[in-house]
Amino acid sequence: MALNMRKDLLTFALLGIFALAIIPQNVMSQNVASIVTPGFFDGIKNQAAASCAGKSFYKRDGFLKAASSFPKFGSGSAVESKREIAAFFAHVTHETGHLCYTEEIDKSNAYCDQSNKQYPCVAGKKYYGRGPMQLTWNYNYGACGKAVGFDGLKAPETVSNDPAVSFKTALWFWMNNVHSVMNQGFGATIRKINGLECGGKHPDKVNARIGYYRDYCKKFGVDPGQNLSC
């Protein structure tokens with residue numbers, strides 16, 4: 001009897017640990033979906049011209065599916081979650097022109113860092129900005145492709161051609177470069193996305209990003225916090 005009871009207690013404990021391990025991801029998925037409503041997502045996209053490639057390419061369902069692969073995105077308290085999602089979409093809005101562009105307008109720069117031997121450039125391929133976060137440089141395409149599941153070096157165009165991959169690349173970049181500085185304020189996220197704008201070099205662009213962030217925080221009913229600029 002005692003042996004069976006100990007087995008039952010052990011089984012119960014293991015099930016409890018398993019439940020705790022999976023709850024955060026389920027809560028995250030529901031939480032992100034409840035914040036990024038169809039009205040919010042389409043409210044951004046509807047500001048883009050009808051001729052924009054992104055109008056039919058970027059979809060809320062695609063974003064939510066991609067977000068489910070990154071359970072720590074939008075995690076934390078209600079305030080932290082809303083601020084991070086607002087920050088993410090503020091940068092996406094700025095980078096893509098309200099979800100208009102799927103790739104960079106100026107394609108003259110190949111963004112090939114030949115000193116990077118881990119992810120060498122492929123002849124004839126260019127690694128200019130593509131997708132919601134305008135993924136750039138061969139080393140980012142290589143590492144992101146390996147993590148997300150596409151050949152970023154040989155087929156960088158996948159980011160602007162495959163909706164299932166596109167938002168995953170944006171969230172991959174965010175979680176690997178930006179997520180960790182959210183507690184430092186929105187200004188720190190600008191430095192991570194495009195630090196060349198900071199230090200008074202491009203105040204118009206910095207202010208545009210801040211404007212989107214403030215607007216989205218207001219829509220989510222949360223204070224934007226401190227240290228908004230860079």
# chains A, B, ... in the order shown; residues from 1 in each chain; ligands from 1
$ select_by_dssp --residues "stretch 24-217 of chain A" --states "alpha helix (DSSP H)" --output "PyMOL selection string"
chain A and resi 24-35+38-45+54-57+60-67+78-96+138-148+158-161+163-177+186-194+203-217
$ residues_around --residues "A:Ser34" --least-positions-apart "6" --cutoff "12 Å" --atoms "only C-alpha atoms" --output "ChimeraX atom specification"
/A:27-28,40-41,60,64,74,78,81-82,85,220
$ closest_residue --among "A:Ile35, A:Ala208, A:Val165, A:Cys230" --to "A:Arg83" --atoms "only C-alpha atoms"
A:Ile35
$ residues_around --residues "A:Ile44" --least-positions-apart "4" --cutoff "9 Å" --atoms "only C-alpha atoms" --output "list of chain:residue names"
A:Gly39, A:Phe40, A:Ala48, A:Phe89, A:Thr93, A:His98, A:Leu99
$ write_last_selection --atoms "all heavy atoms" --output "PDB file, in the first residue's frame"
ATOM      1  N   GLY A  39      -8.544  43.784 -35.349  1.00  0.00           N
ATOM      2  CA  GLY A  39      -8.679  45.224 -35.516  1.00  0.00           C
ATOM      3  C   GLY A  39      -7.351  45.949 -35.419  1.00  0.00           C
ATOM      4  O   GLY A  39      -7.085  46.880 -36.185  1.00  0.00           O
ATOM      5  N   PHE A  40      -6.509  45.517 -34.480  1.00  0.00           N
ATOM      6  CA  PHE A  40      -5.196  46.152 -34.320  1.00  0.00           C
ATOM      7  C   PHE A  40      -4.310  45.867 -35.529  1.00  0.00           C
ATOM      8  O   PHE A  40      -3.723  46.789 -36.100  1.00  0.00           O
ATOM      9  CB  PHE A  40      -4.508  45.642 -33.046  1.00  0.00           C
ATOM     10  CG  PHE A  40      -3.084  46.115 -32.912  1.00  0.00           C
ATOM     11  CD1 PHE A  40      -2.813  47.415 -32.528  1.00  0.00           C
ATOM     12  CD2 PHE A  40      -2.023  45.266 -33.193  1.00  0.00           C
ATOM     13  CE1 PHE A  40      -1.496  47.864 -32.420  1.00  0.00           C
ATOM     14  CE2 PHE A  40      -0.706  45.702 -33.081  1.00  0.00           C
ATOM     15  CZ  PHE A  40      -0.444  47.008 -32.700  1.00  0.00           C
ATOM     16  N   ALA A  48      -1.614  51.171 -45.455  1.00  0.00           N
ATOM     17  CA  ALA A  48      -0.753  50.990 -46.627  1.00  0.00           C
ATOM     18  C   ALA A  48      -1.600  51.077 -47.894  1.00  0.00           C
ATOM     19  O   ALA A  48      -2.789  50.772 -47.890  1.00  0.00           O
ATOM     20  CB  ALA A  48      -0.054  49.639 -46.561  1.00  0.00           C
ATOM     21  N   PHE A  89       5.687  45.895 -32.890  1.00  0.00           N
ATOM     22  CA  PHE A  89       4.905  46.390 -34.026  1.00  0.00           C
ATOM     23  C   PHE A  89       5.236  47.852 -34.374  1.00  0.00           C
ATOM     24  O   PHE A  89       5.032  48.266 -35.522  1.00  0.00           O
ATOM     25  CB  PHE A  89       3.409  46.204 -33.774  1.00  0.00           C
ATOM     26  CG  PHE A  89       2.923  44.831 -34.139  1.00  0.00           C
ATOM     27  CD1 PHE A  89       2.761  43.865 -33.167  1.00  0.00           C
ATOM     28  CD2 PHE A  89       2.690  44.486 -35.460  1.00  0.00           C
ATOM     29  CE1 PHE A  89       2.342  42.582 -33.492  1.00  0.00           C
ATOM     30  CE2 PHE A  89       2.270  43.211 -35.809  1.00  0.00           C
ATOM     31  CZ  PHE A  89       2.098  42.252 -34.824  1.00  0.00           C
ATOM     32  N   THR A  93       6.095  48.487 -38.129  1.00  0.00           N
ATOM     33  CA  THR A  93       5.388  49.546 -38.864  1.00  0.00           C
ATOM     34  C   THR A  93       6.368  50.481 -39.541  1.00  0.00           C
ATOM     35  O   THR A  93       6.203  50.848 -40.714  1.00  0.00           O
ATOM     36  CB  THR A  93       4.484  50.347 -37.910  1.00  0.00           C
ATOM     37  OG1 THR A  93       3.508  49.471 -37.333  1.00  0.00           O
ATOM     38  CG2 THR A  93       3.768  51.473 -38.647  1.00  0.00           C
ATOM     39  N   HIS A  98       3.934  50.529 -42.610  1.00  0.00           N
ATOM     40  CA  HIS A  98       2.603  50.006 -42.284  1.00  0.00           C
ATOM     41  C   HIS A  98       2.315  48.699 -43.023  1.00  0.00           C
ATOM     42  O   HIS A  98       1.258  48.525 -43.628  1.00  0.00           O
ATOM     43  CB  HIS A  98       1.508  51.034 -42.583  1.00  0.00           C
ATOM     44  CG  HIS A  98       1.554  52.238 -41.696  1.00  0.00           C
ATOM     45  ND1 HIS A  98       2.276  53.368 -42.019  1.00  0.00           N
ATOM     46  CD2 HIS A  98       0.999  52.471 -40.490  1.00  0.00           C
ATOM     47  CE1 HIS A  98       2.141  54.260 -41.041  1.00  0.00           C
ATOM     48  NE2 HIS A  98       1.381  53.748 -40.093  1.00  0.00           N
ATOM     49  N   LEU A  99       3.283  47.800 -42.956  1.00  0.00           N
ATOM     50  CA  LEU A  99       3.143  46.468 -43.576  1.00  0.00           C
ATOM     51  C   LEU A  99       2.937  46.557 -45.086  1.00  0.00           C
ATOM     52  O   LEU A  99       2.246  45.736 -45.680  1.00  0.00           O
ATOM     53  CB  LEU A  99       1.998  45.674 -42.916  1.00  0.00           C
ATOM     54  CG  LEU A  99       2.222  45.325 -41.443  1.00  0.00           C
ATOM     55  CD1 LEU A  99       0.948  44.707 -40.836  1.00  0.00           C
ATOM     56  CD2 LEU A  99       3.394  44.354 -41.295  1.00  0.00           C
TER      57      LEU A  99
END
$ residues_around --residues "A:Trp174" --least-positions-apart "4" --cutoff "12 Å" --atoms "only C-alpha atoms" --output "number ranges by chain"
A: 67, 70, 72-74, 84-85, 87-89, 91-92, 132-135, 140, 144, 167-170, 178-182, 189-190, 192-193
$ write_last_selection --atoms "N, CA, C and O atoms" --output "short mmCIF file (atom, residue, chain, number, x, y, z; two decimals), in the first residue's frame"
data_model
loop_
_atom_site.label_atom_id
_atom_site.label_comp_id
_atom_site.auth_asym_id
_atom_site.auth_seq_id
_atom_site.Cartn_x
_atom_site.Cartn_y
_atom_site.Cartn_z
N ALA A 67 4.49 33.42 -33.79
CA ALA A 67 4.67 33.73 -32.37
C ALA A 67 4.59 32.48 -31.50
O ALA A 67 5.24 32.40 -30.45
N PHE A 70 7.80 31.04 -30.54
CA PHE A 70 8.66 31.83 -29.65
C PHE A 70 7.88 32.15 -28.38
O PHE A 70 7.40 33.27 -28.20
N LYS A 72 8.49 32.89 -25.40
CA LYS A 72 8.90 33.95 -24.48
C LYS A 72 8.56 35.34 -25.00
O LYS A 72 8.67 36.33 -24.27
N PHE A 73 8.13 35.42 -26.26
CA PHE A 73 7.74 36.71 -26.81
C PHE A 73 6.43 37.15 -26.16
O PHE A 73 5.46 36.40 -26.12
N GLY A 74 6.40 38.38 -25.65
CA GLY A 74 5.18 38.88 -25.02
C GLY A 74 4.90 38.23 -23.69
O GLY A 74 3.76 38.25 -23.22
N GLU A 84 6.05 45.06 -24.88
CA GLU A 84 6.90 44.37 -25.86
C GLU A 84 6.20 44.23 -27.20
O GLU A 84 6.81 44.44 -28.25
N ILE A 85 4.93 43.88 -27.17
CA ILE A 85 4.18 43.73 -28.43
C ILE A 85 4.05 45.08 -29.12
O ILE A 85 4.18 45.18 -30.35
N ALA A 87 6.17 47.55 -28.85
CA ALA A 87 7.50 47.88 -29.37
C ALA A 87 7.78 47.11 -30.66
O ALA A 87 8.29 47.69 -31.64
N PHE A 88 7.46 45.84 -30.66
CA PHE A 88 7.69 45.01 -31.85
C PHE A 88 6.96 45.59 -33.06
O PHE A 88 7.55 45.79 -34.13
N PHE A 89 5.69 45.90 -32.89
CA PHE A 89 4.90 46.39 -34.03
C PHE A 89 5.24 47.85 -34.37
O PHE A 89 5.03 48.27 -35.52
N HIS A 91 8.30 48.97 -34.48
CA HIS A 91 9.43 48.81 -35.39
C HIS A 91 8.99 48.20 -36.72
O HIS A 91 9.48 48.60 -37.78
N VAL A 92 8.10 47.23 -36.67
CA VAL A 92 7.60 46.62 -37.90
C VAL A 92 6.90 47.67 -38.77
O VAL A 92 7.11 47.72 -39.99
N PRO A 132 9.14 41.52 -42.10
CA PRO A 132 8.60 42.54 -41.19
C PRO A 132 9.66 43.34 -40.44
O PRO A 132 9.45 44.50 -40.10
N MET A 133 10.80 42.71 -40.14
CA MET A 133 11.86 43.40 -39.42
C MET A 133 13.04 43.71 -40.34
O MET A 133 14.10 44.13 -39.89
N GLN A 134 12.83 43.53 -41.65
CA GLN A 134 13.86 43.83 -42.65
C GLN A 134 15.19 43.16 -42.29
O GLN A 134 16.22 43.83 -42.10
N LEU A 135 15.16 41.84 -42.21
CA LEU A 135 16.36 41.05 -41.92
C LEU A 135 17.46 41.40 -42.91
O LEU A 135 17.24 41.42 -44.12
N ASN A 140 23.09 37.19 -40.50
CA ASN A 140 21.75 37.08 -39.95
C ASN A 140 20.90 36.09 -40.75
O ASN A 140 20.16 35.29 -40.19
N CYS A 144 19.60 32.80 -38.96
CA CYS A 144 18.14 32.75 -38.89
C CYS A 144 17.60 31.56 -39.67
O CYS A 144 16.71 30.84 -39.20
N PHE A 167 7.37 36.16 -40.84
CA PHE A 167 7.22 36.63 -39.47
C PHE A 167 8.13 35.87 -38.50
O PHE A 167 8.53 36.41 -37.47
N LYS A 168 8.46 34.64 -38.83
CA LYS A 168 9.39 33.89 -37.98
C LYS A 168 10.76 34.55 -37.97
O LYS A 168 11.44 34.58 -36.95
N THR A 169 11.18 35.07 -39.12
CA THR A 169 12.49 35.74 -39.17
C THR A 169 12.48 37.00 -38.31
O THR A 169 13.47 37.31 -37.65
N ALA A 170 11.36 37.73 -38.33
CA ALA A 170 11.25 38.95 -37.54
C ALA A 170 11.31 38.62 -36.05
O ALA A 170 12.00 39.29 -35.27
N VAL A 178 16.70 41.79 -29.30
CA VAL A 178 15.95 42.90 -28.73
C VAL A 178 15.22 42.56 -27.42
O VAL A 178 15.19 43.38 -26.49
N HIS A 179 14.66 41.40 -27.35
CA HIS A 179 13.84 40.98 -26.20
C HIS A 179 14.52 41.28 -24.86
O HIS A 179 13.89 41.76 -23.91
N SER A 180 15.80 41.02 -24.78
CA SER A 180 16.53 41.13 -23.51
C SER A 180 16.71 42.56 -23.02
O SER A 180 17.05 42.78 -21.85
N VAL A 181 16.49 43.56 -23.89
CA VAL A 181 16.68 44.95 -23.48
C VAL A 181 15.36 45.69 -23.26
O VAL A 181 15.36 46.89 -23.01
N MET A 182 14.25 44.97 -23.33
CA MET A 182 12.96 45.63 -23.16
C MET A 182 12.85 46.32 -21.80
O MET A 182 12.21 47.36 -21.68
N THR A 189 15.62 49.46 -27.61
CA THR A 189 15.22 48.62 -28.74
C THR A 189 15.58 49.29 -30.06
O THR A 189 15.89 48.62 -31.04
N ILE A 190 15.54 50.62 -30.08
CA ILE A 190 15.93 51.34 -31.29
C ILE A 190 17.42 51.11 -31.57
O ILE A 190 17.82 50.89 -32.71
N LYS A 192 19.14 48.55 -30.86
CA LYS A 192 19.32 47.18 -31.33
C LYS A 192 18.85 47.01 -32.77
O LYS A 192 19.45 46.27 -33.56
N ILE A 193 17.78 47.70 -33.12
CA ILE A 193 17.23 47.58 -34.48
C ILE A 193 18.06 48.37 -35.47
O ILE A 193 18.45 47.88 -36.53
#
$ closest_residue --among "A:Asn109, A:Asn161, A:Ser75, A:Thr96" --to "A:Asn138" --atoms "only C-alpha atoms"
A:Asn109
$ closest_residue --among "A:Val36, A:Asp204, A:Asp162, A:Leu171" --to "A:Pro71" --atoms "only C-alpha atoms"
A:Leu171
$ atom_distance --atom1 "atom CA of A:Cys121" --atom2 "atom CA of A:Tyr141"
9.7 Å
$ closest_residue --among "A:Ala147, A:Tyr58, A:Lys125, A:Lys45" --to "A:Asn176" --atoms "only C-alpha atoms"
A:Ala147
$ residues_around --residues "A:Arg191" --least-positions-apart "4" --cutoff "12 Å" --atoms "only C-alpha atoms" --output "PyMOL selection string"
chain A and resi 91+177-178+181-182+184-187+195-199+206+209+227-230
$ residues_around --residues "A:Tyr111" --least-positions-apart "5" --cutoff "8 Å" --atoms "only C-alpha atoms" --output "PyMOL selection string"
chain A and resi 126-128+136-138
$ closest_residue --among "A:Arg214, A:Lys65, A:His94, A:Lys107" --to "A:Asn194" --atoms "only C-alpha atoms"
A:His94
$ atom_distance --atom1 "atom CA of A:Ala33" --atom2 "atom CA of A:Thr158"
25.5 Å
$ atom_distance --atom1 "atom CA of A:Tyr101" --atom2 "atom CA of A:Ser68"
23.7 Å
$ closest_residue --among "A:Ala164, A:Glu95, A:Ser108, A:Lys117" --to "A:Asp61" --atoms "only C-alpha atoms"
A:Ala164
